[in-house]
file start_6.txt (compact mmCIF, C-alpha atoms)
# COMPACT_ATOMS: atom_id res chain seq x y z
CA MET A 1 0.00 0.00 0.00
CA LYS A 2 1.16 3.54 -0.75
CA ILE A 3 1.31 4.79 2.84
CA ALA A 4 2.16 8.42 2.04
CA THR A 5 -0.75 8.66 -0.42
CA MET A 6 -3.08 7.03 2.08
CA PHE A 7 -2.18 9.48 4.86
CA ARG A 8 -2.66 12.49 2.56
CA PHE A 9 -6.13 11.13 1.80
CA LEU A 10 -6.92 10.67 5.48
CA LEU A 11 -5.86 14.18 6.38
CA LEU A 12 -7.99 15.74 3.63
CA THR A 13 -11.06 13.52 3.47
CA SER A 14 -14.50 14.52 4.68
CA ALA A 15 -16.38 11.36 5.62
CA MET A 16 -20.05 10.54 5.69
CA ALA A 17 -20.69 8.25 8.67
CA PHE A 18 -20.02 8.79 12.35
CA ALA A 19 -19.79 6.85 15.61
CA GLN A 20 -20.45 8.05 19.14
CA SER A 21 -18.80 8.15 22.59
CA GLU A 22 -18.74 10.56 25.52
CA ASN A 23 -15.52 12.21 24.37
CA TYR A 24 -14.84 10.76 20.92
CA PHE A 25 -16.55 9.40 17.83
CA VAL A 26 -15.24 7.40 14.89
CA ARG A 27 -15.68 8.78 11.40
CA THR A 28 -15.79 5.82 9.00
CA ILE A 29 -13.79 6.05 5.77
CA THR A 30 -12.96 3.94 2.75
CA PHE A 31 -9.72 4.51 0.82
CA ASP A 32 -10.19 3.32 -2.76
CA PRO A 33 -8.51 5.73 -5.19
CA GLY A 34 -8.73 3.21 -8.03
CA GLY A 35 -12.48 2.74 -7.63
CA THR A 36 -12.10 -1.00 -7.14
CA GLY A 37 -15.24 -1.30 -5.01
CA THR A 38 -13.51 -3.80 -2.74
CA VAL A 39 -13.64 -2.13 0.68
CA ALA A 40 -16.36 -1.28 3.20
CA SER A 41 -16.32 0.57 6.53
CA GLN A 42 -19.68 0.96 8.25
CA TRP A 43 -21.45 0.69 11.60
CA VAL A 44 -24.17 -1.98 11.35
CA LYS A 45 -27.01 -2.70 13.76
CA HIS A 46 -27.02 -6.05 15.57
CA LEU A 47 -23.39 -6.92 14.72
CA GLY A 48 -21.93 -5.68 18.00
CA LEU A 49 -22.08 -6.02 21.75
CA GLN A 50 -24.72 -4.41 23.93
CA ASP A 51 -23.30 -1.25 25.40
CA PRO A 52 -23.12 -1.12 29.22
CA GLY A 53 -26.18 0.42 30.84
CA GLU A 54 -28.28 0.37 27.69
CA THR A 55 -31.54 -1.51 27.41
CA ASP A 56 -32.04 -1.21 23.64
CA VAL A 57 -31.09 -3.96 21.22
CA GLU A 58 -29.41 -1.95 18.48
CA ASN A 59 -26.02 -3.41 19.45
CA TRP A 60 -23.96 -1.62 16.82
CA GLY A 61 -20.83 -3.26 15.43
CA TRP A 62 -18.26 -1.76 13.08
CA LEU A 63 -17.76 -3.76 9.88
CA LEU A 64 -14.37 -3.42 8.18
CA SER A 65 -13.91 -5.40 4.97
CA LYS A 66 -11.29 -5.70 2.23
CA ASN A 67 -12.63 -8.14 -0.35
CA THR A 68 -9.49 -8.36 -2.50
CA ALA A 69 -5.78 -9.11 -2.24
CA SER A 70 -3.79 -7.15 0.32
CA ALA A 71 -1.62 -5.64 -2.45
CA THR A 72 -4.64 -3.78 -3.87
CA ASN A 73 -4.33 -0.08 -3.05
CA SER A 74 -7.49 0.11 -0.93
CA ALA A 75 -8.38 -0.02 2.75
CA ALA A 76 -11.20 0.36 5.26
CA PHE A 77 -10.64 3.05 7.89
CA GLY A 78 -11.99 5.00 10.77
CA ARG A 79 -10.71 8.26 12.23
CA VAL A 80 -11.14 9.07 15.91
CA MET A 81 -12.59 12.58 16.31
CA LEU A 82 -13.55 14.83 19.22
CA VAL A 83 -17.26 15.02 20.08
CA CYS A 84 -16.93 18.55 21.41
CA CYS A 85 -15.27 20.28 18.52
CA THR A 86 -13.31 20.10 15.31
CA GLY A 87 -9.54 19.97 15.10
CA ASN A 88 -6.77 17.78 16.44
CA LEU A 89 -7.14 15.40 19.37
CA ASN A 90 -4.13 16.69 21.35
CA ILE A 91 -3.98 13.64 23.67
CA LYS A 92 -1.08 13.50 26.13
CA PRO A 93 -0.21 10.92 27.26
CA LEU A 94 -1.72 8.15 25.15
CA THR A 95 -1.72 5.17 27.50
CA GLU A 96 -4.01 2.61 25.85
CA LEU A 97 -5.58 1.68 22.54
CA GLY A 98 -7.74 -1.30 21.66
CA PHE A 99 -11.03 -2.80 20.58
CA ASP A 100 -13.27 -5.81 20.96
CA ILE A 101 -13.24 -8.11 17.94
CA ARG A 102 -15.78 -10.73 16.99
CA ASN A 103 -14.44 -14.27 16.62
CA GLY A 104 -14.16 -15.78 13.16
CA GLY A 105 -13.00 -12.64 11.36
CA HIS A 106 -9.56 -11.34 10.57
CA CYS A 107 -7.13 -10.59 13.40
CA GLY A 108 -3.77 -10.43 11.65
CA SER A 109 -0.29 -9.21 12.45
CA GLY A 110 -0.89 -6.03 10.47
CA SER A 111 -4.65 -5.48 10.54
CA PRO A 112 -6.80 -4.19 12.08
CA ARG A 113 -4.33 -1.74 13.62
CA PHE A 114 -4.04 1.85 14.77
CA ASN A 115 -2.11 4.49 12.82
CA VAL A 116 -1.27 7.35 15.16
CA LEU A 117 0.12 10.73 14.14
CA THR A 118 1.97 12.78 16.78
CA ALA A 119 2.58 16.51 16.81
CA ASP A 120 6.18 16.01 15.64
CA ASN A 121 4.71 14.62 12.38
CA VAL A 122 5.75 11.01 13.10
CA ASN A 123 3.43 8.17 12.06
CA HIS A 124 3.24 5.37 14.65
CA PHE A 125 1.87 1.93 13.75
CA VAL A 126 0.19 0.29 16.76
CA GLY A 127 -0.76 -3.37 16.28
CA GLY A 128 -1.92 -5.19 14.28
CA CYS A 129 -4.56 -7.15 16.07
CA ALA A 130 -2.54 -10.35 16.60
CA ASN A 131 0.28 -8.39 18.26
CA GLY A 132 -2.00 -7.02 20.97
CA THR A 133 -2.76 -8.42 24.41
CA ILE A 134 -5.77 -10.63 23.67
CA THR A 135 -8.16 -11.86 26.34
CA PRO A 136 -11.60 -13.50 26.11
CA SER A 137 -14.50 -11.08 26.29
CA THR A 138 -17.16 -11.45 28.96
CA SER A 139 -19.55 -11.92 26.01
CA PRO A 140 -19.34 -15.23 24.10
CA GLY A 141 -18.03 -14.94 20.56
CA TRP A 142 -15.76 -11.95 21.20
CA ARG A 143 -12.19 -11.18 22.25
CA ARG A 144 -10.72 -8.04 23.79
CA VAL A 145 -7.53 -6.64 22.25
CA ARG A 146 -5.38 -4.02 23.97
CA PHE A 147 -2.19 -2.23 22.94
CA ASP A 148 0.38 -0.37 25.03
CA PRO A 149 1.54 2.51 22.78
CA THR A 150 4.83 2.74 24.70
CA ASN A 151 5.68 -0.94 24.12
CA SER A 152 8.06 -1.44 21.20
CA ALA A 153 6.59 -4.93 20.66
CA GLN A 154 3.18 -3.38 19.95
CA ALA A 155 4.00 0.06 18.55
CA PHE A 156 6.53 1.18 15.94
CA PRO A 157 7.97 3.54 16.78
CA PRO A 158 6.74 3.59 20.41
CA ILE A 159 4.72 6.61 21.51
CA LEU A 160 6.41 8.37 24.42
CA PRO A 161 4.46 9.77 27.39
CA THR A 162 5.68 13.22 26.31
CA ASP A 163 4.33 12.86 22.75
CA VAL A 164 1.18 14.77 21.82
CA VAL A 165 -1.18 12.64 19.72
CA VAL A 166 -3.04 14.69 17.13
CA LYS A 167 -4.70 12.03 14.96
CA ILE A 168 -5.73 8.38 15.45
CA PHE A 169 -6.92 6.06 12.69
CA VAL A 170 -8.09 2.45 12.76
CA VAL A 171 -6.92 0.67 9.61
CA ALA A 172 -7.97 -2.61 7.97
CA ASP A 173 -5.91 -3.29 4.85
CA GLU A 174 -5.17 -7.03 4.90
CA GLY A 175 -7.33 -8.86 2.37
CA VAL A 176 -8.54 -12.32 1.47
CA ASP A 177 -5.01 -13.63 0.82
CA ILE A 178 -3.95 -13.35 4.48
CA GLY A 179 -4.62 -16.14 7.00
CA PRO A 180 -5.45 -17.74 9.22
CA ASP A 181 -9.04 -16.84 8.25
CA PHE A 182 -8.57 -15.56 4.65
CA SER A 183 -11.74 -13.50 5.07
CA GLY A 184 -10.56 -9.88 4.88
CA VAL A 185 -13.41 -9.05 7.29
CA SER A 186 -13.24 -7.77 10.87
CA ILE A 187 -16.15 -6.79 13.12
CA LEU A 188 -15.12 -4.42 15.91
CA ASP A 189 -16.82 -2.77 18.86
CA ASN A 190 -15.81 -0.69 21.88
CA ILE A 191 -12.91 1.14 20.24
CA ASP A 192 -10.70 2.07 23.20
CA VAL A 193 -8.84 5.39 23.49
CA ASN A 194 -7.34 5.77 26.98
CA GLY A 195 -10.17 3.69 28.42
CA ASP A 196 -12.96 5.66 26.71
CA LEU A 197 -14.98 3.19 24.62
CA ILE A 198 -16.62 4.08 21.30
CA GLY A 199 -19.38 1.60 20.56
CA GLU A 200 -22.11 3.04 18.36
CA PRO A 201 -22.71 5.47 15.50
CA LYS A 202 -23.51 9.12 16.01
CA SER A 203 -26.65 10.45 14.38

call {"tool": "encode", "arguments": {"input": "start_6.txt", "output": "structure tokens"}}
result
Amino acid sequence: MKIATMFRFLLLTSAMAFAQSENYFVRTITFDPGGTGTVASQWVKHLGLQDPGETDVENWGWLLSKNTASATNSAAFGRVMLVCCTGNLNIKPLTELGFDIRNGGHCGSGSPRFNVLTADNVNHFVGGCANGTITPSTSPGWRRVRFDPTNSAQAFPPILPTDVVVKIFVVADEGVDIGPDFSGVSILDNIDVNGDLIGEPKS
């Protein structure tokens, strides 16, 4: 994948769909400059976990799909945004990233992952999924994945406590040619930014 081109797209794009949390939401994005029609990024009812304290049954889950070979220049994305206002996140320190992932989908060494941009204009790659600390979820059919951004085994380069994080993206760009599942599909929920969980779309 052409990383520089992809990041220029992410910094300029204006996306259509949103997700909701107390402090953050996720703006869903697809990167497909060649118009291949092979990627999807969308919150879908009834794919996810029930959010704590809620009595409804919408149970939103975030579908990320790349239905082609990994070498195809396309990807499914989400960008973490502030609920309160536009502009950069300006998070310091970033202590934890993660998500819940539904069993049976793709959890590879490179995807899904976090791409994090710090104020010094350094791109940090956190993950992918298989490199995180994975524990069973309290809900059957799901696993919880967590990353320590300061850990060089989970982040390259590591994010220092003194670094100011200005942008966070969730990236799914491994396709149907990557095992062990060969599906190119991941279903996520409860996107974790410093313990604040994003689990449903914003209207």

call {"tool": "closest_residue", "arguments": {"input": "start_6.txt", "among": "A:Val164, A:Ala155, A:Val26, A:Leu188", "to": "Trp142 (chain A)", "atoms": "all atoms listed in the file"}}
result
A:Leu188

call {"tool": "residues_around", "arguments": {"input": "start_6.txt", "residues": "Val126 (chain A)", "least_positions_apart": "6", "cutoff": "12 Å", "atoms": "all atoms listed in the file", "output": "PyMOL selection string"}}
result
chain A and resi 94-98+109-117+132-133+145-159+168-171

call {"tool": "closest_residue", "arguments": {"input": "start_6.txt", "among": "A:Val44, A:Ile191, A:Val166, A:Ala71", "to": "Gly87 (chain A)", "atoms": "all atoms listed in the file"}}
result
A:Val166

call {"tool": "atom_distance", "arguments": {"input": "start_6.txt", "atom1": "CA of Arg27 (chain A)", "atom2": "CA of Gly78 (chain A)"}}
result
5.3 Å

call {"tool": "atom_distance", "arguments": {"input": "start_6.txt", "atom1": "CA of Gly108 (chain A)", "atom2": "CA of Gly179 (chain A)"}}
result
7.4 Å

call {"tool": "residues_near_point", "arguments": {"input": "start_6.txt", "point": "(-23.7, -2.0, 4.9)", "cutoff": "12 Å", "atoms": "only C-alpha atoms", "output": "list in words"}}
result
Ala17, Thr28, Val39, Ala40, Ser41, Gln42, Trp43, Val44, Lys45, His46, Leu47, Trp60, Gly61, Trp62, Leu63, Leu64 and Ser65 of chain A

call {"tool": "closest_residue", "arguments": {"input": "start_6.txt", "among": "A:Val83, A:Val176, A:Leu89, A:Ala119", "to": "Asp163 (chain A)", "atoms": "only C-alpha atoms"}}
result
A:Ala119

call {"tool": "atom_distance", "arguments": {"input": "start_6.txt", "atom1": "CA of Thr162 (chain A)", "atom2": "CA of Pro93 (chain A)"}}
result
6.4 Å

call {"tool": "residues_around", "arguments": {"input": "start_6.txt", "residues": "Thr86 (chain A)", "least_positions_apart": "4", "cutoff": "12 Å", "atoms": "only C-alpha atoms", "output": "PyMOL selection string"}}
result
chain A and resi 24-25+80-82+90+166-167

call {"tool": "closest_residue", "arguments": {"input": "start_6.txt", "among": "A:Gly184, A:Asp196, A:Asn59, A:Arg143", "to": "Ala172 (chain A)", "atoms": "all atoms listed in the file"}}
result
A:Gly184

call {"tool": "residues_around", "arguments": {"input": "start_6.txt", "residues": "Gly104 (chain A)", "least_positions_apart": "3", "cutoff": "10 Å", "atoms": "all atoms listed in the file", "output": "PyMOL selection string"}}
result
chain A and resi 101+107+141-142+180-181+183+185-187

call {"tool": "residues_around", "arguments": {"input": "start_6.txt", "residues": "Pro140 (chain A)", "least_positions_apart": "4", "cutoff": "12 Å", "atoms": "only C-alpha atoms", "output": "VMD selection string"}}
result
chain A and resid 48 to 49 100 to 103 135 to 136 144

call {"tool": "decode", "arguments": {"input": "start_6.txt", "residues": "region 27-60 of chain A", "atoms": "N, CA and C atoms", "output": "mmCIF file, in the first residue's frame"}}
result
data_model
loop_
_atom_site.group_PDB
_atom_site.id
_atom_site.type_symbol
_atom_site.label_atom_id
_atom_site.label_comp_id
_atom_site.auth_asym_id
_atom_site.auth_seq_id
_atom_site.Cartn_x
_atom_site.Cartn_y
_atom_site.Cartn_z
ATOM 1 N N ARG A 27 -15.197 8.439 12.731
ATOM 2 C CA ARG A 27 -15.682 8.776 11.400
ATOM 3 C C ARG A 27 -15.221 7.681 10.449
ATOM 4 N N THR A 28 -16.155 6.949 9.852
ATOM 5 C CA THR A 28 -15.791 5.822 8.999
ATOM 6 C C THR A 28 -15.397 6.305 7.608
ATOM 7 N N ILE A 29 -14.387 5.625 7.036
ATOM 8 C CA ILE A 29 -13.787 6.054 5.774
ATOM 9 C C ILE A 29 -13.448 4.813 4.949
ATOM 10 N N THR A 30 -13.568 4.915 3.635
ATOM 11 C CA THR A 30 -12.960 3.937 2.749
ATOM 12 C C THR A 30 -11.939 4.636 1.864
ATOM 13 N N PHE A 31 -10.796 4.000 1.690
ATOM 14 C CA PHE A 31 -9.724 4.508 0.824
ATOM 15 C C PHE A 31 -9.673 3.603 -0.403
ATOM 16 N N ASP A 32 -10.097 4.130 -1.545
ATOM 17 C CA ASP A 32 -10.186 3.323 -2.762
ATOM 18 C C ASP A 32 -9.967 4.217 -3.976
ATOM 19 N N PRO A 33 -8.747 4.759 -4.119
ATOM 20 C CA PRO A 33 -8.508 5.731 -5.191
ATOM 21 C C PRO A 33 -8.698 5.162 -6.587
ATOM 22 N N GLY A 34 -8.556 3.828 -6.720
ATOM 23 C CA GLY A 34 -8.729 3.213 -8.027
ATOM 24 C C GLY A 34 -10.158 2.822 -8.341
ATOM 25 N N GLY A 35 -11.088 3.085 -7.404
ATOM 26 C CA GLY A 35 -12.481 2.741 -7.629
ATOM 27 C C GLY A 35 -12.707 1.247 -7.790
ATOM 28 N N THR A 36 -12.000 0.445 -7.004
ATOM 29 C CA THR A 36 -12.102 -1.005 -7.140
ATOM 30 C C THR A 36 -13.391 -1.566 -6.546
ATOM 31 N N GLY A 37 -14.022 -0.822 -5.646
ATOM 32 C CA GLY A 37 -15.240 -1.301 -5.008
ATOM 33 C C GLY A 37 -15.025 -2.516 -4.141
ATOM 34 N N THR A 38 -13.865 -2.594 -3.488
ATOM 35 C CA THR A 38 -13.508 -3.796 -2.736
ATOM 36 C C THR A 38 -13.456 -3.593 -1.229
ATOM 37 N N VAL A 39 -13.756 -2.383 -0.750
ATOM 38 C CA VAL A 39 -13.639 -2.130 0.681
ATOM 39 C C VAL A 39 -14.928 -1.523 1.238
ATOM 40 N N ALA A 40 -15.187 -1.818 2.515
ATOM 41 C CA ALA A 40 -16.357 -1.280 3.205
ATOM 42 C C ALA A 40 -15.974 -0.946 4.634
ATOM 43 N N SER A 41 -16.528 0.151 5.145
ATOM 44 C CA SER A 41 -16.322 0.573 6.530
ATOM 45 C C SER A 41 -17.625 1.200 6.998
ATOM 46 N N GLN A 42 -18.338 0.502 7.893
ATOM 47 C CA GLN A 42 -19.678 0.960 8.245
ATOM 48 C C GLN A 42 -20.117 0.370 9.583
ATOM 49 N N TRP A 43 -20.781 1.189 10.398
ATOM 50 C CA TRP A 43 -21.445 0.692 11.599
ATOM 51 C C TRP A 43 -22.756 0.018 11.190
ATOM 52 N N VAL A 44 -23.004 -1.181 11.716
ATOM 53 C CA VAL A 44 -24.169 -1.978 11.346
ATOM 54 C C VAL A 44 -24.893 -2.426 12.610
ATOM 55 N N LYS A 45 -26.215 -2.237 12.621
ATOM 56 C CA LYS A 45 -27.014 -2.702 13.757
ATOM 57 C C LYS A 45 -26.912 -4.216 13.917
ATOM 58 N N HIS A 46 -26.921 -4.644 15.183
ATOM 59 C CA HIS A 46 -27.020 -6.048 15.571
ATOM 60 C C HIS A 46 -25.760 -6.863 15.280
ATOM 61 N N LEU A 47 -24.651 -6.208 14.899
ATOM 62 C CA LEU A 47 -23.387 -6.925 14.716
ATOM 63 C C LEU A 47 -22.513 -6.864 15.960
ATOM 64 N N GLY A 48 -22.825 -5.938 16.885
ATOM 65 C CA GLY A 48 -21.926 -5.685 17.995
ATOM 66 C C GLY A 48 -22.449 -6.146 19.338
ATOM 67 N N LEU A 49 -21.735 -5.714 20.363
ATOM 68 C CA LEU A 49 -22.078 -6.017 21.747
ATOM 69 C C LEU A 49 -23.073 -4.996 22.275
ATOM 70 N N GLN A 50 -23.841 -5.380 23.274
ATOM 71 C CA GLN A 50 -24.723 -4.410 23.931
ATOM 72 C C GLN A 50 -23.883 -3.501 24.801
ATOM 73 N N ASP A 51 -24.085 -2.207 24.646
ATOM 74 C CA ASP A 51 -23.298 -1.249 25.404
ATOM 75 C C ASP A 51 -23.736 -1.239 26.862
ATOM 76 N N PRO A 52 -22.779 -1.103 27.795
ATOM 77 C CA PRO A 52 -23.116 -1.125 29.223
ATOM 78 C C PRO A 52 -24.170 -0.091 29.578
ATOM 79 N N GLY A 53 -25.159 -0.497 30.365
ATOM 80 C CA GLY A 53 -26.183 0.416 30.842
ATOM 81 C C GLY A 53 -27.310 0.665 29.880
ATOM 82 N N GLU A 54 -27.220 0.144 28.668
ATOM 83 C CA GLU A 54 -28.277 0.375 27.691
ATOM 84 C C GLU A 54 -29.257 -0.790 27.676
ATOM 85 N N THR A 55 -30.507 -0.478 27.441
ATOM 86 C CA THR A 55 -31.544 -1.507 27.411
ATOM 87 C C THR A 55 -32.057 -1.767 25.996
ATOM 88 N N ASP A 56 -31.587 -0.977 25.011
ATOM 89 C CA ASP A 56 -32.036 -1.215 23.641
ATOM 90 C C ASP A 56 -31.295 -2.415 23.050
ATOM 91 N N VAL A 57 -31.698 -2.805 21.865
ATOM 92 C CA VAL A 57 -31.091 -3.965 21.221
ATOM 93 C C VAL A 57 -30.470 -3.596 19.872
ATOM 94 N N GLU A 58 -30.047 -2.337 19.739
ATOM 95 C CA GLU A 58 -29.409 -1.948 18.484
ATOM 96 C C GLU A 58 -28.042 -2.613 18.335
ATOM 97 N N ASN A 59 -27.264 -2.640 19.404
ATOM 98 C CA ASN A 59 -26.015 -3.407 19.454
ATOM 99 C C ASN A 59 -25.161 -3.209 18.198
ATOM 100 N N TRP A 60 -24.721 -1.972 18.010
ATOM 101 C CA TRP A 60 -23.962 -1.621 16.821
ATOM 102 C C TRP A 60 -22.590 -2.298 16.813
#
